[in-house]
>>> print(open('structure-v6.txt').read())   # compact mmCIF, C-alpha atoms
# COMPACT_ATOMS: atom_id res chain seq x y z
CA MET A 1 -4.54 61.05 -13.88
CA ALA A 2 -3.87 59.56 -17.32
CA ALA A 3 -6.07 56.68 -18.37
CA LYS A 4 -4.42 53.29 -18.39
CA ARG A 5 -3.47 51.93 -21.76
CA ASP A 6 -4.91 48.69 -23.04
CA TYR A 7 -2.82 45.79 -21.74
CA TYR A 8 -2.60 44.18 -25.16
CA GLU A 9 -1.41 47.48 -26.61
CA VAL A 10 1.19 47.78 -23.84
CA LEU A 11 2.71 44.42 -24.76
CA GLY A 12 2.21 44.95 -28.47
CA VAL A 13 0.17 41.80 -29.02
CA SER A 14 -3.29 41.11 -30.39
CA LYS A 15 -6.19 39.94 -28.24
CA SER A 16 -5.96 36.55 -29.92
CA ALA A 17 -2.33 36.08 -28.84
CA ASP A 18 -1.63 32.85 -26.97
CA ALA A 19 0.29 32.49 -23.72
CA ASP A 20 3.63 31.90 -25.46
CA ALA A 21 3.27 35.04 -27.59
CA ILE A 22 2.36 37.12 -24.54
CA LYS A 23 5.32 35.76 -22.59
CA LYS A 24 7.72 36.36 -25.49
CA ALA A 25 6.55 39.96 -25.89
CA TYR A 26 6.91 40.61 -22.16
CA ARG A 27 10.43 39.24 -22.01
CA LYS A 28 11.52 41.39 -24.92
CA LEU A 29 10.01 44.58 -23.50
CA ALA A 30 11.06 43.93 -19.90
CA LYS A 31 14.65 43.49 -21.00
CA LYS A 32 14.48 46.64 -23.10
CA TYR A 33 12.92 48.91 -20.46
CA HIS A 34 14.30 47.47 -17.23
CA PRO A 35 15.49 50.39 -15.05
CA ASP A 36 18.79 48.65 -14.38
CA VAL A 37 19.79 49.10 -18.01
CA ASN A 38 18.11 52.51 -18.42
CA LYS A 39 19.44 54.46 -15.47
CA ASP A 40 19.54 57.71 -17.46
CA ASP A 41 15.97 57.36 -18.73
CA PRO A 42 13.45 58.56 -16.12
CA THR A 43 10.56 57.12 -18.13
CA ALA A 44 11.98 53.57 -18.18
CA GLN A 45 10.77 52.75 -14.68
CA GLN A 46 7.22 53.80 -15.47
CA ARG A 47 7.27 51.91 -18.75
CA PHE A 48 8.68 48.81 -17.04
CA GLN A 49 5.94 48.94 -14.40
CA GLU A 50 3.30 49.27 -17.07
CA ILE A 51 4.70 46.29 -18.99
CA THR A 52 4.93 44.15 -15.86
CA GLU A 53 1.40 45.00 -14.77
CA ALA A 54 0.04 44.09 -18.19
CA TYR A 55 1.87 40.79 -18.23
CA GLY A 56 0.75 39.94 -14.71
CA VAL A 57 -2.88 40.11 -15.81
CA LEU A 58 -2.63 38.63 -19.30
CA SER A 59 -0.43 35.72 -18.19
CA ASP A 60 -3.01 34.52 -15.67
CA PRO A 61 -6.02 32.79 -17.34
CA LYS A 62 -8.54 33.91 -14.73
CA GLN A 63 -7.30 37.50 -14.59
CA LYS A 64 -7.13 37.61 -18.39
CA ALA A 65 -10.73 36.38 -18.68
CA LEU A 66 -11.91 39.14 -16.34
CA TYR A 67 -9.93 41.76 -18.25
CA ASP A 68 -11.23 40.57 -21.62
CA LYS A 69 -14.79 40.89 -20.33
CA TYR A 70 -14.64 44.09 -18.25
CA GLY A 71 -11.37 45.77 -19.11
CA HIS A 72 -9.61 47.76 -16.38
CA ALA A 73 -12.93 48.06 -14.54
CA ALA A 74 -12.51 44.43 -13.49
CA PHE A 75 -9.79 45.50 -11.06
CA ASP A 76 -10.35 49.12 -10.09
CA GLY A 77 -13.65 48.56 -8.24
CA SER A 78 -15.64 50.69 -10.65
CA GLY A 79 -17.26 48.02 -12.81
CA ALA A 80 -19.71 45.18 -12.45
CA GLY A 81 -16.93 42.69 -12.96
CA SER A 82 -14.62 44.20 -10.37
CA ALA A 83 -12.58 41.63 -8.54
CA GLY A 84 -12.42 43.84 -5.48
CA ALA A 85 -8.81 43.24 -4.55
CA GLY A 86 -7.42 44.32 -7.91
CA PRO A 87 -5.46 42.21 -10.34
CA GLN A 88 -3.00 39.74 -8.99
CA GLY A 89 -0.32 42.36 -9.48
CA SER A 90 -0.77 45.98 -8.38
CA TYR A 91 1.25 49.03 -7.48
CA GLY A 92 2.09 50.26 -4.02
CA GLN A 93 2.25 53.80 -2.69
CA ASN A 94 5.81 54.39 -3.90
CA GLY A 95 5.25 52.90 -7.33
CA GLY A 96 6.47 49.52 -6.14
CA PHE A 97 4.99 46.38 -7.58
CA HIS A 98 3.04 43.99 -5.37
CA SER A 99 2.93 40.33 -6.12
CA PHE A 100 2.24 38.91 -9.55
CA HIS A 101 1.57 35.27 -10.20
CA PHE A 102 3.90 33.53 -12.66
CA GLU A 103 3.08 29.98 -13.72
CA GLY A 104 5.93 27.54 -14.20
CA GLY A 105 8.27 28.24 -11.32
CA ASN A 106 11.73 28.11 -12.97
CA MET A 107 13.00 31.67 -12.87
CA ASP A 108 15.91 30.92 -15.19
CA ASP A 109 13.32 30.49 -17.92
CA LEU A 110 11.87 33.96 -17.48
CA PHE A 111 14.47 36.13 -15.77
CA GLY A 112 17.81 34.59 -16.70
CA ASP A 113 18.25 36.84 -19.70
CA LEU A 114 16.74 39.87 -17.94
CA PHE A 115 18.78 40.10 -14.76
CA GLY A 116 21.91 38.13 -15.63
CA GLY A 117 23.74 36.79 -12.60
CA MET A 118 21.91 38.69 -9.88
CA PHE A 119 19.69 35.67 -9.08
CA HIS A 120 22.68 33.42 -8.58
CA GLY A 121 24.98 35.26 -6.20
CA LYS A 122 28.42 34.94 -7.81
CA SER A 123 28.71 33.75 -11.37
CA GLY A 124 25.07 33.77 -12.47
CA GLN A 125 25.34 30.16 -13.67
CA LYS A 126 21.99 28.54 -14.43
CA GLN A 127 20.87 25.70 -12.18
CA SER A 128 18.92 23.33 -14.36
CA GLY A 129 16.05 21.31 -13.00
CA LYS A 130 15.33 23.53 -9.99
CA SER A 131 11.97 25.09 -9.32
CA TYR A 132 12.42 28.29 -7.36
CA ARG A 133 10.09 28.88 -4.46
CA THR A 134 12.08 31.43 -2.57
CA HIS A 135 10.61 34.15 -0.42
CA PHE A 136 11.94 37.45 -1.62
CA GLY A 137 11.46 39.96 1.13
CA SER A 138 13.55 43.10 1.58
CA GLY A 139 14.79 45.19 -1.36
CA PHE A 140 17.32 46.03 -3.90
CA GLY A 141 20.34 46.50 -1.63
CA GLY A 142 22.69 49.44 -1.44
CA ALA A 143 22.24 53.15 -1.46
CA ASP A 144 22.46 53.40 -5.22
CA GLY A 145 19.62 51.00 -5.94
CA TYR A 146 20.98 48.37 -8.33
CA SER A 147 24.74 48.44 -7.79
CA GLN A 148 24.68 45.45 -5.41
CA GLY A 149 22.11 43.28 -7.13
CA PHE A 150 19.27 41.74 -5.08
CA GLY A 151 20.00 41.70 -1.39
CA GLY A 152 21.16 43.73 1.55
CA THR A 153 24.93 43.84 1.02
CA ALA A 154 27.32 43.47 -1.88
CA GLY A 155 27.92 39.85 -2.87
CA SER A 156 24.91 38.56 -0.95
CA GLY A 157 23.09 37.33 -4.05
CA TYR A 158 19.34 37.53 -3.56
CA THR A 159 19.18 36.69 0.13
CA GLY A 160 17.30 39.86 0.91
CA GLY A 161 14.90 39.49 -1.95
CA PHE A 162 12.71 42.14 -3.51
CA GLY A 163 11.22 44.96 -1.47
CA SER A 164 11.74 48.61 -0.58
CA SER A 165 14.81 50.59 -1.54
CA THR A 166 15.65 53.87 0.12
CA GLY A 167 18.33 54.82 -2.38
CA ASN A 168 18.00 56.66 -5.63
CA GLY A 169 17.31 53.54 -7.66
CA TYR A 170 14.04 51.76 -8.17
CA THR A 171 12.00 52.91 -5.17
CA GLY A 172 9.33 50.59 -3.93
CA GLY A 173 10.76 47.60 -5.75
CA PHE A 174 8.97 44.27 -5.98
CA ASP A 175 7.10 43.46 -2.82
CA GLY A 176 6.53 39.81 -3.56
CA PHE A 177 6.13 37.10 -6.16
CA ASP A 178 4.06 33.97 -6.35
CA PHE A 179 5.75 31.45 -8.63
CA GLY A 180 2.88 28.92 -8.98
CA GLY A 181 2.63 27.32 -5.56
CA GLY A 182 4.53 29.15 -2.82
CA SER A 183 4.31 32.24 -0.65
CA TYR A 184 6.45 35.14 -1.78
CA GLY A 185 5.69 38.22 0.19
CA GLY A 186 3.07 40.76 -0.75
CA PHE A 187 0.14 38.70 -1.97
CA GLY A 188 0.49 35.67 0.30
CA SER A 189 0.35 31.94 -0.22
CA SER A 190 -0.86 30.32 -3.41
CA GLN A 191 -1.74 26.81 -2.38
CA ARG A 192 -4.06 24.11 -3.65
CA GLY A 193 -6.96 23.35 -1.34
CA GLU A 194 -6.85 20.28 0.88
CA ASP A 195 -8.65 17.08 -0.09
CA LEU A 196 -11.64 16.03 2.00
CA ARG A 197 -12.55 12.41 2.78
CA ALA A 198 -15.95 10.88 3.44
CA GLU A 199 -17.83 7.60 3.01
CA ILE A 200 -20.83 6.75 0.89
CA SER A 201 -22.97 3.64 1.40
CA VAL A 202 -24.54 1.81 -1.54
CA SER A 203 -26.58 -1.35 -1.80
CA PHE A 204 -25.22 -4.57 -3.26
CA ASP A 205 -27.26 -4.13 -6.44
CA GLU A 206 -26.31 -0.44 -6.80
CA ALA A 207 -22.66 -1.42 -6.73
CA ALA A 208 -23.25 -4.24 -9.20
CA PHE A 209 -25.24 -2.27 -11.77
CA GLY A 210 -24.11 1.30 -11.05
CA CYS A 211 -26.30 4.21 -10.04
CA GLU A 212 -26.37 7.89 -9.22
CA LYS A 213 -26.56 9.15 -5.66
CA LYS A 214 -27.18 12.64 -4.37
CA ILE A 215 -25.12 13.97 -1.51
CA SER A 216 -25.33 17.29 0.31
CA LEU A 217 -22.25 19.43 0.91
CA GLN A 218 -22.01 22.43 3.19
CA GLY A 219 -19.70 25.19 2.03
CA GLN A 220 -17.64 27.54 4.18
CA ASP A 221 -20.41 30.12 3.82
CA GLY A 222 -22.85 27.67 5.40
CA LYS A 223 -24.82 27.09 2.21
CA ILE A 224 -25.91 23.56 1.37
CA SER A 225 -25.38 22.31 -2.17
CA THR A 226 -26.44 19.03 -3.72
CA VAL A 227 -23.96 17.04 -5.77
CA GLN A 228 -24.77 14.13 -8.06
CA VAL A 229 -22.34 11.23 -7.61
CA LYS A 230 -22.04 8.56 -10.29
CA ILE A 231 -21.42 5.10 -8.84
CA PRO A 232 -19.76 3.02 -11.57
CA ALA A 233 -21.10 -0.47 -12.20
CA GLY A 234 -18.91 -3.16 -10.69
CA ILE A 235 -17.35 -1.05 -7.94
CA GLU A 236 -16.15 -2.90 -4.87
CA SER A 237 -16.35 -1.98 -1.21
CA GLY A 238 -13.34 0.06 -0.13
CA LYS A 239 -12.78 1.71 -3.52
CA THR A 240 -12.63 5.51 -3.72
CA ILE A 241 -14.52 7.90 -5.98
CA ARG A 242 -12.85 11.28 -6.57
CA LEU A 243 -14.97 14.40 -7.01
CA ARG A 244 -12.57 16.97 -8.40
CA GLY A 245 -12.78 20.49 -7.03
CA LYS A 246 -15.22 19.59 -4.24
CA GLY A 247 -12.67 19.78 -1.44
CA MET A 248 -11.33 22.79 0.45
CA PRO A 249 -10.89 25.96 -1.62
CA GLY A 250 -7.42 26.91 -2.79
CA SER A 251 -5.84 30.28 -2.09
CA ASN A 252 -4.81 32.97 -4.56
CA LEU A 253 -6.30 31.32 -7.65
CA ALA A 254 -4.82 27.91 -6.83
CA GLY A 255 -7.06 24.93 -7.52
CA ASP A 256 -9.59 23.60 -5.02
CA GLY A 257 -9.01 20.26 -3.36
CA ASP A 258 -10.96 17.10 -4.16
CA LEU A 259 -13.58 15.14 -2.25
CA LEU A 260 -12.62 11.49 -1.87
CA LEU A 261 -15.60 9.22 -1.24
CA LYS A 262 -14.82 5.75 0.11
CA VAL A 263 -17.50 3.30 -1.04
CA ASP A 264 -19.13 0.94 1.47
CA VAL A 265 -21.13 -1.80 -0.28
CA GLN A 266 -23.88 -3.33 1.83
CA GLU A 267 -24.39 -7.09 1.97
CA LYS A 268 -27.11 -8.93 0.10
CA PRO A 269 -28.62 -12.02 1.77
CA GLY A 270 -27.80 -15.19 -0.13
CA PHE A 271 -25.00 -13.62 -2.19
CA GLU A 272 -21.28 -13.47 -1.56
CA ARG A 273 -18.93 -11.55 -3.81
CA LYS A 274 -15.29 -12.35 -4.48
CA GLY A 275 -13.92 -9.97 -7.09
CA ALA A 276 -16.17 -10.27 -10.12
CA ASP A 277 -17.57 -13.69 -9.16
CA LEU A 278 -20.67 -14.41 -7.09
CA TYR A 279 -21.29 -17.37 -4.78
CA THR A 280 -24.75 -18.63 -3.85
CA THR A 281 -26.45 -21.84 -2.72
CA VAL A 282 -29.52 -23.75 -3.82
CA LYS A 283 -31.43 -26.42 -1.91
CA ILE A 284 -32.90 -29.36 -3.78
CA PRO A 285 -35.12 -32.21 -2.54
CA PHE A 286 -33.57 -35.57 -1.77
CA THR A 287 -35.48 -37.17 -4.61
CA THR A 288 -34.21 -34.57 -7.14
CA ALA A 289 -30.68 -35.25 -6.05
CA VAL A 290 -31.22 -38.97 -6.56
CA LEU A 291 -33.34 -39.00 -9.69
CA GLY A 292 -32.23 -35.70 -11.26
CA GLY A 293 -34.47 -32.86 -12.33
CA GLU A 294 -34.50 -29.08 -12.29
CA ALA A 295 -34.01 -26.34 -9.72
CA GLU A 296 -34.60 -22.58 -9.72
CA VAL A 297 -31.55 -20.48 -8.89
CA ALA A 298 -31.67 -16.78 -7.97
CA THR A 299 -29.28 -14.46 -9.83
CA LEU A 300 -28.85 -10.67 -9.82
CA THR A 301 -30.95 -10.41 -12.96
CA GLY A 302 -33.68 -12.84 -11.90
CA LYS A 303 -34.28 -16.57 -11.51
CA VAL A 304 -32.91 -19.15 -13.90
CA VAL A 305 -33.66 -22.88 -14.15
CA CYS A 306 -30.71 -25.21 -13.73
CA ARG A 307 -30.61 -28.92 -14.68
CA ILE A 308 -29.73 -31.26 -11.83
CA LYS A 309 -27.99 -34.47 -12.84
CA PRO A 310 -29.11 -37.77 -11.24
CA GLY A 311 -27.00 -38.70 -8.27
CA THR A 312 -25.94 -35.12 -7.51
CA GLN A 313 -24.10 -34.97 -4.21
CA SER A 314 -24.47 -32.32 -1.53
CA GLY A 315 -21.71 -29.70 -1.99
CA SER A 316 -21.62 -30.07 -5.76
CA ARG A 317 -21.13 -26.78 -7.60
CA ILE A 318 -22.92 -25.44 -10.67
CA ARG A 319 -21.26 -22.68 -12.73
CA LEU A 320 -23.46 -20.02 -14.32
CA LYS A 321 -21.20 -18.33 -16.83
CA GLY A 322 -21.47 -14.55 -17.14
CA LYS A 323 -23.88 -14.18 -14.23
CA GLY A 324 -21.35 -12.41 -12.01
CA ILE A 325 -20.33 -8.74 -11.69
CA VAL A 326 -19.51 -6.55 -14.66
CA SER A 327 -15.91 -5.40 -15.10
CA MET A 328 -15.30 -1.70 -14.44
CA LYS A 329 -12.74 -1.71 -17.26
CA ASP A 330 -14.81 -3.50 -19.90
CA ALA A 331 -18.62 -3.52 -19.80
CA SER A 332 -18.70 -6.58 -22.05
CA VAL A 333 -16.89 -8.71 -19.46
CA HIS A 334 -18.70 -10.30 -16.51
CA GLY A 335 -17.68 -12.67 -13.78
CA ASP A 336 -19.42 -15.98 -13.13
CA GLN A 337 -21.87 -17.21 -10.50
CA TYR A 338 -21.05 -20.40 -8.65
CA VAL A 339 -24.00 -22.22 -7.09
CA THR A 340 -23.38 -24.78 -4.34
CA VAL A 341 -25.97 -27.53 -4.12
CA GLN A 342 -27.41 -28.39 -0.73
CA ILE A 343 -29.70 -31.44 -0.38
CA ASP A 344 -32.75 -30.72 1.71
CA VAL A 345 -33.26 -33.71 4.01
CA PRO A 346 -36.90 -33.97 5.11
CA LYS A 347 -37.54 -33.79 8.85
CA ASN A 348 -41.24 -34.54 9.32
CA LEU A 349 -42.23 -37.62 7.32
CA SER A 350 -45.57 -39.34 7.43
CA ALA A 351 -45.74 -43.01 8.26
CA ALA A 352 -46.45 -43.82 4.60
CA ALA A 353 -43.44 -41.79 3.44
CA LYS A 354 -41.20 -43.53 5.95
CA GLN A 355 -42.44 -46.93 4.75
CA LYS A 356 -41.64 -46.02 1.16
CA LEU A 357 -38.14 -44.93 2.15
CA ARG A 358 -37.56 -48.27 3.91
CA GLU A 359 -38.69 -50.08 0.81
CA PHE A 360 -36.36 -47.89 -1.22
CA GLU A 361 -33.52 -48.74 1.15
CA GLU A 362 -34.19 -52.48 0.85
CA ALA A 363 -34.39 -52.18 -2.91
CA CYS A 364 -31.04 -50.46 -2.95
CA LYS A 365 -29.53 -53.18 -0.76
CA GLY A 366 -30.97 -55.91 -2.94
CA GLY A 367 -29.59 -54.27 -6.03
CA SER A 368 -26.21 -54.00 -4.42
CA SER A 369 -26.24 -57.70 -3.43
CA ARG A 370 -27.13 -58.85 -6.96
CA GLY A 371 -24.43 -56.60 -8.35
CA ALA A 372 -21.88 -58.13 -5.98
CA ALA A 373 -22.87 -61.69 -6.94
>>> encode(input="structure-v6.txt", output="structure tokens")
Amino acid sequence: MAAKRDYYEVLGVSKSADADAIKKAYRKLAKKYHPDVNKDDPTAQQRFQEITEAYGVLSDPKQKALYDKYGHAAFDGSGAGSAGAGPQGSYGQNGGFHSFHFEGGNMDDLFGDLFGGMFHGKSGQKQSGKSYRTHFGSGFGGADGYSQGFGGTAGSGYTGGFGSSTGNGYTGGFDGFDFGGGSYGGFGSSQRGEDLRAEISVSFDEAAFGCEKKISLQGQDGKISTVQVKIPAGIESGKTIRLRGKGMPGSNLAGDGDLLLKVDVQEKPGFERKGADLYTTVKIPFTTAVLGGEAEVATLTGKVVCRIKPGTQSGSRIRLKGKGIVSMKDASVHGDQYVTVQIDVPKNLSAAAKQKLREFEEACKGGSSRGAA
């Protein structure tokens, strides 16, 4: 058995070629060597298969990375980097091609100038804006291989799809395609993994200042892995944190789903949050309310001393600018803290204290009478 040629050599591109150059080379060669236009050349089919196999590997970033590292051994089971199941395109028993993955999805872009009108039934007119996700299943129709296009009977367009042909044309045919997100025969479904949802509980202060939490995830193999989750400062209860790629695994090289963590912020005694603002209360003695003075107020960053004006009434509100929650959009912006004043009325007074209050009451009455006169 002849050794396989280097895939880059097959397409006539360098190893530094980008995706567009690889695609351009494939289109040119596939059109040149397609068996449908080389019916009298017995080597065209083999050359076309070789070109298509090379493109199937080099057009897929993951398959290309494996090939660049291990060569053909990555797919034939003989090397340390073997993928086991072979590249995402391989050959069947009759030389037929099984399932390559093409990114993009619009077949007009790749095959319109290769196969003409056979994809479109009658006139071969391009249908702009459509992404093809059709399941091609049963073969190049007709006894003579290509005379009837793709399908089971003449004029049927591509309803039968790609598959086995028993005529003297291209035996084996294409067994299936995966055009970036659907199931097309041979290889199976290429589908992004499902998102998972869970909840994570954080304290009031952790939500206010941000933190990192460790969570444990159990994979499908039963293994437990630890993931570090960054809780952004200023997050509110009910918000969601997305951990990309931590959901259910995708199939056939499709991306994994995400893990969506709904945040539950615990309460903090004495503090109420409304958006970025905080609301608290402070109790002051009756005498401080009357005469004025100072009072200590608790904030998230520690206690501060507030000035109490003489004659402050119960229910009055003090604004502490910038003592609220930080904005998640701008770390330099904070909400405010609003402190409601509550006057602490004494319950157990001594006889002397009661006497002084009565004197105070009389003095207030006397002052009021003189003011009225």
>>> atom_distance(input="structure-v6.txt", atom1="CA of Asp330 (chain A)", atom2="CA of Gly257 (chain A)")
29.5 Å
>>> residues_around(input="structure-v6.txt", residues="region 281-286 of chain A", least_positions_apart="2", cutoff="12 Å", atoms="all atoms listed in the file", output="PDB file with C-alpha atoms, in the coordinates of the input")
ATOM      1  CA  PRO A 269     -28.620 -12.020   1.770  1.00  0.00           C
ATOM      2  CA  GLY A 270     -27.800 -15.190  -0.130  1.00  0.00           C
ATOM      3  CA  PHE A 271     -25.000 -13.620  -2.190  1.00  0.00           C
ATOM      4  CA  GLU A 272     -21.280 -13.470  -1.560  1.00  0.00           C
ATOM      5  CA  LEU A 278     -20.670 -14.410  -7.090  1.00  0.00           C
ATOM      6  CA  TYR A 279     -21.290 -17.370  -4.780  1.00  0.00           C
ATOM      7  CA  THR A 288     -34.210 -34.570  -7.140  1.00  0.00           C
ATOM      8  CA  ALA A 289     -30.680 -35.250  -6.050  1.00  0.00           C
ATOM      9  CA  VAL A 290     -31.220 -38.970  -6.560  1.00  0.00           C
ATOM     10  CA  LEU A 291     -33.340 -39.000  -9.690  1.00  0.00           C
ATOM     11  CA  GLY A 292     -32.230 -35.700 -11.260  1.00  0.00           C
ATOM     12  CA  GLY A 293     -34.470 -32.860 -12.330  1.00  0.00           C
ATOM     13  CA  GLU A 294     -34.500 -29.080 -12.290  1.00  0.00           C
ATOM     14  CA  ALA A 295     -34.010 -26.340  -9.720  1.00  0.00           C
ATOM     15  CA  GLU A 296     -34.600 -22.580  -9.720  1.00  0.00           C
ATOM     16  CA  VAL A 297     -31.550 -20.480  -8.890  1.00  0.00           C
ATOM     17  CA  ALA A 298     -31.670 -16.780  -7.970  1.00  0.00           C
ATOM     18  CA  THR A 299     -29.280 -14.460  -9.830  1.00  0.00           C
ATOM     19  CA  LYS A 303     -34.280 -16.570 -11.510  1.00  0.00           C
ATOM     20  CA  VAL A 304     -32.910 -19.150 -13.900  1.00  0.00           C
ATOM     21  CA  VAL A 305     -33.660 -22.880 -14.150  1.00  0.00           C
ATOM     22  CA  CYS A 306     -30.710 -25.210 -13.730  1.00  0.00           C
ATOM     23  CA  ARG A 307     -30.610 -28.920 -14.680  1.00  0.00           C
ATOM     24  CA  ILE A 308     -29.730 -31.260 -11.830  1.00  0.00           C
ATOM     25  CA  LYS A 309     -27.990 -34.470 -12.840  1.00  0.00           C
ATOM     26  CA  PRO A 310     -29.110 -37.770 -11.240  1.00  0.00           C
ATOM     27  CA  GLY A 311     -27.000 -38.700  -8.270  1.00  0.00           C
ATOM     28  CA  THR A 312     -25.940 -35.120  -7.510  1.00  0.00           C
ATOM     29  CA  GLN A 313     -24.100 -34.970  -4.210  1.00  0.00           C
ATOM     30  CA  SER A 314     -24.470 -32.320  -1.530  1.00  0.00           C
ATOM     31  CA  GLY A 315     -21.710 -29.700  -1.990  1.00  0.00           C
ATOM     32  CA  SER A 316     -21.620 -30.070  -5.760  1.00  0.00           C
ATOM     33  CA  ARG A 317     -21.130 -26.780  -7.600  1.00  0.00           C
ATOM     34  CA  ILE A 318     -22.920 -25.440 -10.670  1.00  0.00           C
ATOM     35  CA  ARG A 319     -21.260 -22.680 -12.730  1.00  0.00           C
ATOM     36  CA  GLN A 337     -21.870 -17.210 -10.500  1.00  0.00           C
ATOM     37  CA  TYR A 338     -21.050 -20.400  -8.650  1.00  0.00           C
ATOM     38  CA  VAL A 339     -24.000 -22.220  -7.090  1.00  0.00           C
ATOM     39  CA  THR A 340     -23.380 -24.780  -4.340  1.00  0.00           C
ATOM     40  CA  VAL A 341     -25.970 -27.530  -4.120  1.00  0.00           C
ATOM     41  CA  GLN A 342     -27.410 -28.390  -0.730  1.00  0.00           C
ATOM     42  CA  ILE A 343     -29.700 -31.440  -0.380  1.00  0.00           C
ATOM     43  CA  ASP A 344     -32.750 -30.720   1.710  1.00  0.00           C
ATOM     44  CA  VAL A 345     -33.260 -33.710   4.010  1.00  0.00           C
ATOM     45  CA  PRO A 346     -36.900 -33.970   5.110  1.00  0.00           C
ATOM     46  CA  LYS A 347     -37.540 -33.790   8.850  1.00  0.00           C
ATOM     47  CA  LEU A 357     -38.140 -44.930   2.150  1.00  0.00           C
TER      48      LEU A 357
END
>>> axis_aligned_box(input="structure-v6.txt", around="region 51-55 of chain A", padding_each_side="4 Å", output="lines of an AutoDock Vina configuration file")
center_x = 2.5
center_y = 43.5
center_z = -16.9
size_x = 12.9
size_y = 13.5
size_z = 12.2
>>> residues_around(input="structure-v6.txt", residues="region 39-53 of chain A", least_positions_apart="3", cutoff="7 Å", atoms="only C-alpha atoms", output="PyMOL selection string")
chain A and resi 10-11+26+30+33-36+56-57+89-90
>>> closest_residue(input="structure-v6.txt", among="A:Ala276, A:Ile325, A:Val227, A:Val37", to="Asp205 (chain A)", atoms="all atoms listed in the file")
A:Ile325
>>> atom_distance(input="structure-v6.txt", atom1="CA of Asp60 (chain A)", atom2="CA of Leu253 (chain A)")
9.2 Å
>>> atom_distance(input="structure-v6.txt", atom1="CA of Ser225 (chain A)", atom2="CA of Ala254 (chain A)")
21.8 Å
>>> closest_residue(input="structure-v6.txt", among="A:Glu212, A:Leu261, A:Ile224, A:Val229", to="Arg197 (chain A)", atoms="only C-alpha atoms")
A:Leu261
>>> decode(input="structure-v6.txt", residues="region 191-202 of chain A", atoms="N, CA, C and O atoms", output="compact mmCIF listing (two decimals), in the first residue's frame")
# COMPACT_ATOMS: atom_id res chain seq x y z
N GLN A 191 -23.35 19.11 17.29
CA GLN A 191 -24.25 19.98 18.03
C GLN A 191 -23.58 20.51 19.28
O GLN A 191 -22.91 19.77 20.00
N ARG A 192 -23.74 21.81 19.52
CA ARG A 192 -23.18 22.43 20.71
C ARG A 192 -23.82 21.83 21.95
O ARG A 192 -25.00 21.50 21.97
N GLY A 193 -23.01 21.67 22.99
CA GLY A 193 -23.50 21.08 24.24
C GLY A 193 -24.53 21.97 24.92
O GLY A 193 -24.53 23.20 24.75
N GLU A 194 -25.41 21.37 25.70
CA GLU A 194 -26.45 22.13 26.39
C GLU A 194 -25.86 22.93 27.55
O GLU A 194 -24.87 22.54 28.16
N ASP A 195 -26.48 24.06 27.84
CA ASP A 195 -26.10 24.86 29.00
C ASP A 195 -26.65 24.23 30.27
O ASP A 195 -27.73 23.63 30.28
N LEU A 196 -25.89 24.34 31.34
CA LEU A 196 -26.33 23.86 32.66
C LEU A 196 -26.61 25.08 33.54
O LEU A 196 -25.98 26.12 33.39
N ARG A 197 -27.55 24.93 34.47
CA ARG A 197 -27.91 26.02 35.37
C ARG A 197 -27.78 25.57 36.82
O ARG A 197 -28.13 24.45 37.16
N ALA A 198 -27.26 26.48 37.64
CA ALA A 198 -27.10 26.19 39.07
C ALA A 198 -27.15 27.52 39.81
O ALA A 198 -27.23 28.59 39.21
N GLU A 199 -27.12 27.44 41.15
CA GLU A 199 -27.13 28.65 41.98
C GLU A 199 -25.88 28.68 42.84
O GLU A 199 -25.34 27.63 43.21
N ILE A 200 -25.43 29.88 43.14
CA ILE A 200 -24.30 30.05 44.03
C ILE A 200 -24.65 31.13 45.05
O ILE A 200 -25.19 32.18 44.70
N SER A 201 -24.41 30.83 46.32
CA SER A 201 -24.77 31.76 47.40
C SER A 201 -23.53 32.52 47.85
O SER A 201 -22.46 31.94 48.06
N VAL A 202 -23.68 33.84 48.00
CA VAL A 202 -22.58 34.67 48.47
C VAL A 202 -23.09 35.58 49.57
O VAL A 202 -24.29 35.89 49.65
